[in-house]
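Note sheet for the following structure.
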Amino acid sequence: MKPLRSRFEKDTDSKVQKYTESISYDQQLYREDIIGSIAHARMLSQCGIIGWDEVEKIVEGLNSIREEIQNGEFTFDPALEDIHMSIETRLFEKIGEVAGKLHTARSRNDQVATDMRMYAKDAIFETIVLLQGFQKVILDLAETNKEVIIPGYTHMQRAQPILLAHHLLAYFEMAQRDIDRFQDCLKRTDVLPLGSGALAGVPYRIDRNMVAKDLGFAETSANSLDAVSDRDFIIEYQAAASIAMMHLSRLAEEMIIWSSAEFGFIEIDDAYATSSSIMPQKKNPDVAELARGKTGRVYGNLMAILTTMKGLPLAYNRDLQEDKEGFFDTVNTLNSTLEVFSGMLETVKFNAERTGKAASENYTLATDVADYLAKKGVPFREAHGIVGKLVVLAISKGKELTELSLTDYQNLSPHFEEDVFSITSQSSIADRNTHGGTAPKQLERALKIARRKLNE
Ligand code: ARG
């Protein structure tokens with residue numbers, strides 16, 4: 001008979017075993033499970049609940065199991081359901097009956113919640129480091145392309161000239177908010193559930209603070225029912241991950257259109273592009289496309305866990321086992337996307353000539369001409385109307401605004417003088433010298449602040 005089946009007359013049906021097992025994916029929690037068990041065992045002996053000699057055997061056994069798993073010498077048996085039962089069963093094989101003392105004052109319910117929180121904390125740290133790496137690449141790219149001008153868009157139509165660096169720093173800001181969200185989520189993840197037992201606490205004088213300290217948790221959970229059934233920390237990570245992926249997918253989309261022949265703003269490095277199986281001329285931005293595409297599965301994982309938790313009564317229910325695969329997938333997807341995306345950005349080349357030309361064409365300086373009139377006392381709305389007519393005239397003549405004559409201008413308003421021709425992309429950009437604007441002076445400040453933030 002398999003473990004935990006003393007009250008049954010037969011083993012589970014093989015279909016049931018296959019349906020209910022989690023070992024195929026929770027085996028990656030082996031490190032957390034073993035570290036958690038060692039801390040628990042040490043505390044039990046410290047509190048006089050099990051003997052010193054017993055704990056020594058248990059710890060030695062657990063450490064050698066960790067090595068077996070690390071070296072790929074451990075065979076996971078689906079009949080043993082999950083990582084907790086697999087390790088415990090192996091411990092019995094190694095050290096005999098004393099292994100049975102490890103599960104004193106503990107349930108798999110507080111055990112799995114502890115494992116998941118340890119895993120989540122590591123995931124958060126890793127994601128934050130990768131987000132900072134992404135920020136660094138963005139910042140380096142902005143600093144080495146400080147003079148590059150691109151058209152800024154609204155409604156996907158050329159709107160006003162801006163500095164490329166200003167555009168890039170928008171993504172630095174997004175990544176900063178992402179980091180803040182993960183740091184905030186860490187506070188609520190950093191709580192130890194172990195010691196909550198199955199649902200109601202445990203009937204032993206245990207020292208939960210000792211375990212928390214040992215495992216690096218900031219505090220112990222305040223309510224045992226909540227502790228074994230709370231998965232908010234997983235939802236929060238996934239929500240923050242969804243927002244981070246959404247940001248990456250926006251940049252991905254820009255890289256995709258910027259690399260098209262129509263735009264020709266960037267050249268993605270060969271190492272980050274792929275080819276077509278039929279069209280030999282193709283150079284495809286697959287990394288950016290997949291980053292955009294994988295955002296979908298990250299959203300999906302968030303929806304899945306929210307839906308699993310909806311209407312779930314207290315306390316532990318087996319539904320909670322469904323917290324794992326989507327979470328692992330989201331952590332892997334976000335972290336690998338950040339890594340490969342940063343590599344792609346590190347090697348991308350901008351075509352400054354093309355972006356600069358695009359930025360000054362198609363009447364992108366029309367707002368500046370209207371502002372020119374407004375600064376001479378013409379109400380802005382009226383100025384807007386005058387320049388609108390000027391644009392229509394230019395279109396009818398097939399010319400840019402700078403190619404019209406001063407007479408053309410003065411026919412529409414007597415306020416126009418020769419100096420209207422000194423409006424350029426550069427002057428337009430320099431004029432937007434307000435906090436958060438695209439002017440070089442603002443950019444220098446923004447770059448400095450960003451660099452300081454990164455070095456904190
Ligand atoms: N594999 C289970 C999970 O992931 C572990 C907890 C099982 N607890 C129980 N009472 N069956 O949630």
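By order of appearance in the structure tokens: chains A, B, ..., then residues from 1 within every chain, and ligands from 1 in the order shown.
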
Would you name the residues within 7 Å of ligand 1, counting only C-alpha atoms and all ligand atoms, and put them as a ChimeraX atom specification? /A:22,81-82,108-109,112,316,318,320-321

Ala79 of chain A surroundings by only C-alpha atoms, 8 Å radius, close-in-sequence under 3 positions cut, as an NGL selection string: :A and (2 or 17 or 21)

Export, as an mmCIF file, in the first residue's frame, the selected residues with N, CA and C atoms.
data_model
loop_
_atom_site.group_PDB
_atom_site.id
_atom_site.type_symbol
_atom_site.label_atom_id
_atom_site.label_comp_id
_atom_site.auth_asym_id
_atom_site.auth_seq_id
_atom_site.Cartn_x
_atom_site.Cartn_y
_atom_site.Cartn_z
ATOM 1 N N LYS A 2 0.500 2.260 -0.783
ATOM 2 C CA LYS A 2 1.233 3.527 -0.872
ATOM 3 C C LYS A 2 1.065 4.334 0.420
ATOM 4 N N GLN A 17 -4.364 8.716 -10.090
ATOM 5 C CA GLN A 17 -2.974 9.100 -9.809
ATOM 6 C C GLN A 17 -2.471 10.114 -10.824
ATOM 7 N N GLU A 21 -1.703 14.014 -9.650
ATOM 8 C CA GLU A 21 -0.291 14.243 -9.312
ATOM 9 C C GLU A 21 0.143 15.670 -9.636
#

Atom CA of Ile305 of chain A to atom CA of Asn335 of chain A measures 19.3 Å

Can you pull out every residue within 8 Å of segment 150-159 of chain A, counting only C-alpha atoms, but drop anything in the same chain fewer than 4 positions away, and send it as a PDB file with N, CA and C atoms, in the first residue's frame?
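Output below, filename result_29.pdb:
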ATOM      1  N   LEU A 163      13.113  63.886 -29.294  1.00  0.00           N
ATOM      2  CA  LEU A 163      14.399  63.190 -29.217  1.00  0.00           C
ATOM      3  C   LEU A 163      14.137  61.705 -29.016  1.00  0.00           C
ATOM      4  N   LEU A 164      14.903  60.883 -29.738  1.00  0.00           N
ATOM      5  CA  LEU A 164      14.790  59.433 -29.563  1.00  0.00           C
ATOM      6  C   LEU A 164      14.996  59.060 -28.085  1.00  0.00           C
ATOM      7  N   ALA A 352      19.724  57.477 -38.050  1.00  0.00           N
ATOM      8  CA  ALA A 352      19.413  58.848 -37.616  1.00  0.00           C
ATOM      9  C   ALA A 352      19.014  59.744 -38.788  1.00  0.00           C
ATOM     10  N   THR A 355      15.323  58.876 -39.536  1.00  0.00           N
ATOM     11  CA  THR A 355      14.373  59.316 -38.506  1.00  0.00           C
ATOM     12  C   THR A 355      14.303  60.851 -38.476  1.00  0.00           C
ATOM     13  N   GLY A 356      15.460  61.496 -38.668  1.00  0.00           N
ATOM     14  CA  GLY A 356      15.490  62.963 -38.650  1.00  0.00           C
ATOM     15  C   GLY A 356      14.669  63.535 -39.788  1.00  0.00           C
ATOM     16  N   ALA A 358      12.208  62.028 -41.403  1.00  0.00           N
ATOM     17  CA  ALA A 358      10.786  61.738 -41.141  1.00  0.00           C
ATOM     18  C   ALA A 358      10.218  62.717 -40.119  1.00  0.00           C
ATOM     19  N   ALA A 359      11.070  63.151 -39.193  1.00  0.00           N
ATOM     20  CA  ALA A 359      10.586  64.022 -38.122  1.00  0.00           C
ATOM     21  C   ALA A 359      10.242  65.417 -38.620  1.00  0.00           C
ATOM     22  N   SER A 360      10.888  65.848 -39.730  1.00  0.00           N
ATOM     23  CA  SER A 360      10.631  67.223 -40.187  1.00  0.00           C
ATOM     24  C   SER A 360       9.645  67.267 -41.346  1.00  0.00           C
ATOM     25  N   ASN A 362       6.005  66.174 -43.474  1.00  0.00           N
ATOM     26  CA  ASN A 362       4.576  66.026 -43.204  1.00  0.00           C
ATOM     27  C   ASN A 362       4.051  67.023 -42.172  1.00  0.00           C
ATOM     28  N   THR A 364       5.100  68.394 -39.485  1.00  0.00           N
ATOM     29  CA  THR A 364       5.219  68.137 -38.046  1.00  0.00           C
ATOM     30  C   THR A 364       5.540  69.412 -37.270  1.00  0.00           C
TER      31      THR A 364
END

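Every protein or nucleic acid residue with an atom no more than 10 Å from Ala439 of chain A, counting only C-alpha atoms and leaving out same-chain residues fewer than 3 positions away, appears here: A:Ile162, A:Leu163, A:His166, A:Gln426, A:Ser427, A:Ser428, A:Ile429, A:Ala430, A:Asp431, A:Arg432, A:Asn433, A:Thr434, A:His435, A:Gly436, A:Gln442, A:Leu443, A:Glu444.
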
Best match for closeness to Leu412 of chain A among A:Gly201, A:Pro280, A:Gly385, A:Pro313, counting only C-alpha atoms: A:Gly385

Residues of segment 83-305 of chain A in alpha helix (DSSP H), written as a PyMOL selection string: chain A and resi 83-95+108-144+164-189+208-215+224-229+232-258+286-305

Would you output that residue set with C-alpha atoms, as a short mmCIF file (atom, residue, chain, number, x, y, z; two decimals), in the first residue's frame?
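Written output follows (selection_4.cif):
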data_model
loop_
_atom_site.label_atom_id
_atom_site.label_comp_id
_atom_site.auth_asym_id
_atom_site.auth_seq_id
_atom_site.Cartn_x
_atom_site.Cartn_y
_atom_site.Cartn_z
CA ILE A 83 7.41 16.83 -4.14
CA HIS A 84 6.61 16.70 -0.41
CA MET A 85 5.66 13.02 -0.43
CA SER A 86 8.54 12.16 -2.77
CA ILE A 87 11.16 13.65 -0.48
CA GLU A 88 9.57 12.27 2.68
CA THR A 89 9.36 8.77 1.20
CA ARG A 90 12.99 8.89 0.13
CA LEU A 91 13.93 10.09 3.62
CA PHE A 92 12.29 6.94 5.06
CA GLU A 93 14.35 4.82 2.69
CA LYS A 94 17.51 6.57 3.79
CA ILE A 95 17.17 6.98 7.55
CA ARG A 108 1.45 19.70 3.53
CA ASN A 109 -0.89 22.68 3.47
CA ASP A 110 1.43 25.04 5.33
CA GLN A 111 4.42 23.30 3.76
CA VAL A 112 3.39 23.91 0.16
CA ALA A 113 2.40 27.50 0.91
CA THR A 114 5.86 28.04 2.40
CA ASP A 115 7.60 26.47 -0.59
CA MET A 116 5.62 28.65 -2.98
CA ARG A 117 6.44 31.82 -1.05
CA MET A 118 10.14 30.99 -1.05
CA TYR A 119 9.97 30.35 -4.79
CA ALA A 120 8.02 33.57 -5.35
CA LYS A 121 10.51 35.64 -3.37
CA ASP A 122 13.40 34.36 -5.50
CA ALA A 123 11.36 34.99 -8.64
CA ILE A 124 10.67 38.57 -7.55
CA PHE A 125 14.37 39.24 -6.87
CA GLU A 126 15.34 37.80 -10.23
CA THR A 127 12.68 39.78 -12.08
CA ILE A 128 13.74 43.02 -10.40
CA VAL A 129 17.38 42.43 -11.35
CA LEU A 130 16.35 41.74 -14.95
CA LEU A 131 14.14 44.83 -15.04
CA GLN A 132 17.09 46.88 -13.83
CA GLY A 133 19.22 45.31 -16.56
CA PHE A 134 16.58 46.31 -19.09
CA GLN A 135 16.60 49.86 -17.70
CA LYS A 136 20.37 50.01 -18.04
CA VAL A 137 20.22 48.99 -21.69
CA ILE A 138 17.51 51.59 -22.36
CA LEU A 139 19.58 54.25 -20.63
CA ASP A 140 22.80 53.35 -22.48
CA LEU A 141 20.91 53.42 -25.76
CA ALA A 142 19.43 56.82 -24.90
CA GLU A 143 22.84 58.22 -23.93
CA THR A 144 24.62 57.02 -27.07
CA LEU A 164 14.79 59.43 -29.56
CA ALA A 165 16.28 59.39 -26.06
CA HIS A 166 13.11 60.99 -24.70
CA HIS A 167 11.06 58.26 -26.36
CA LEU A 168 13.32 55.56 -24.90
CA LEU A 169 13.16 57.02 -21.41
CA ALA A 170 9.39 56.57 -21.48
CA TYR A 171 10.16 52.84 -21.26
CA PHE A 172 12.61 53.48 -18.43
CA GLU A 173 9.71 55.02 -16.49
CA MET A 174 7.44 52.04 -17.22
CA ALA A 175 10.13 49.63 -16.04
CA GLN A 176 10.57 51.71 -12.88
CA ARG A 177 6.88 51.37 -12.06
CA ASP A 178 7.18 47.65 -12.75
CA ILE A 179 10.07 47.41 -10.28
CA ASP A 180 8.05 49.36 -7.70
CA ARG A 181 5.13 46.96 -8.15
CA PHE A 182 7.33 43.89 -7.66
CA GLN A 183 8.96 45.44 -4.61
CA ASP A 184 5.56 46.13 -3.16
CA CYS A 185 4.36 42.62 -3.89
CA LEU A 186 7.46 41.32 -2.11
CA LYS A 187 6.24 42.80 1.19
CA ARG A 188 3.13 40.62 1.16
CA THR A 189 5.01 37.58 -0.13
CA ARG A 208 7.57 30.18 14.41
CA ASN A 209 9.87 33.19 14.63
CA MET A 210 12.88 30.92 14.67
CA VAL A 211 11.77 29.29 11.41
CA ALA A 212 10.98 32.68 9.88
CA LYS A 213 14.44 33.94 10.75
CA ASP A 214 16.10 30.79 9.49
CA LEU A 215 14.27 30.95 6.16
CA SER A 224 -3.71 30.05 10.05
CA LEU A 225 -6.77 29.69 7.80
CA ASP A 226 -5.64 32.58 5.65
CA ALA A 227 -2.03 31.36 5.62
CA VAL A 228 -2.81 27.97 4.07
CA SER A 229 -5.30 29.25 1.53
CA ASP A 232 -2.73 36.63 -3.36
CA PHE A 233 1.04 36.81 -3.64
CA ILE A 234 0.91 34.66 -6.77
CA ILE A 235 -1.88 36.75 -8.22
CA GLU A 236 0.04 39.93 -7.44
CA TYR A 237 3.19 38.65 -9.13
CA GLN A 238 1.15 37.65 -12.15
CA ALA A 239 -0.65 41.00 -12.27
CA ALA A 240 2.66 42.86 -12.08
CA ALA A 241 4.09 40.47 -14.70
CA SER A 242 1.12 41.10 -16.98
CA ILE A 243 1.69 44.85 -16.79
CA ALA A 244 5.44 44.42 -17.39
CA MET A 245 4.75 42.20 -20.42
CA MET A 246 2.24 44.75 -21.68
CA HIS A 247 4.99 47.38 -21.56
CA LEU A 248 7.44 45.10 -23.35
CA SER A 249 4.85 44.29 -26.00
CA ARG A 250 4.38 47.99 -26.74
CA LEU A 251 8.11 48.43 -27.30
CA ALA A 252 8.10 45.16 -29.26
CA GLU A 253 5.43 46.54 -31.56
CA GLU A 254 7.45 49.72 -32.12
CA MET A 255 10.56 47.71 -32.94
CA ILE A 256 8.56 45.66 -35.41
CA ILE A 257 7.18 48.64 -37.29
CA TRP A 258 10.44 50.60 -37.02
CA ASP A 286 10.85 37.31 -34.30
CA VAL A 287 12.16 38.17 -30.83
CA ALA A 288 9.96 41.25 -30.71
CA GLU A 289 7.03 39.35 -32.21
CA LEU A 290 7.31 36.57 -29.65
CA ALA A 291 7.60 39.05 -26.79
CA ARG A 292 4.38 40.60 -28.08
CA GLY A 293 2.80 37.17 -28.51
CA LYS A 294 3.84 35.71 -25.18
CA THR A 295 2.11 38.59 -23.42
CA GLY A 296 -1.08 36.68 -24.19
CA ARG A 297 -0.14 33.60 -22.18
CA VAL A 298 0.96 35.75 -19.24
CA TYR A 299 -2.46 37.43 -19.20
CA GLY A 300 -4.02 33.98 -19.53
CA ASN A 301 -2.16 32.68 -16.49
CA LEU A 302 -3.40 35.66 -14.46
CA MET A 303 -7.00 34.99 -15.51
CA ALA A 304 -6.59 31.30 -14.69
CA ILE A 305 -5.42 31.82 -11.11
#

As number ranges by chain, please: every residue in segment 151-270 of chain A that a backbone DSSP assignment puts in strand (DSSP E). A: 151-154, 157-163, 191-192, 219-220, 266-267
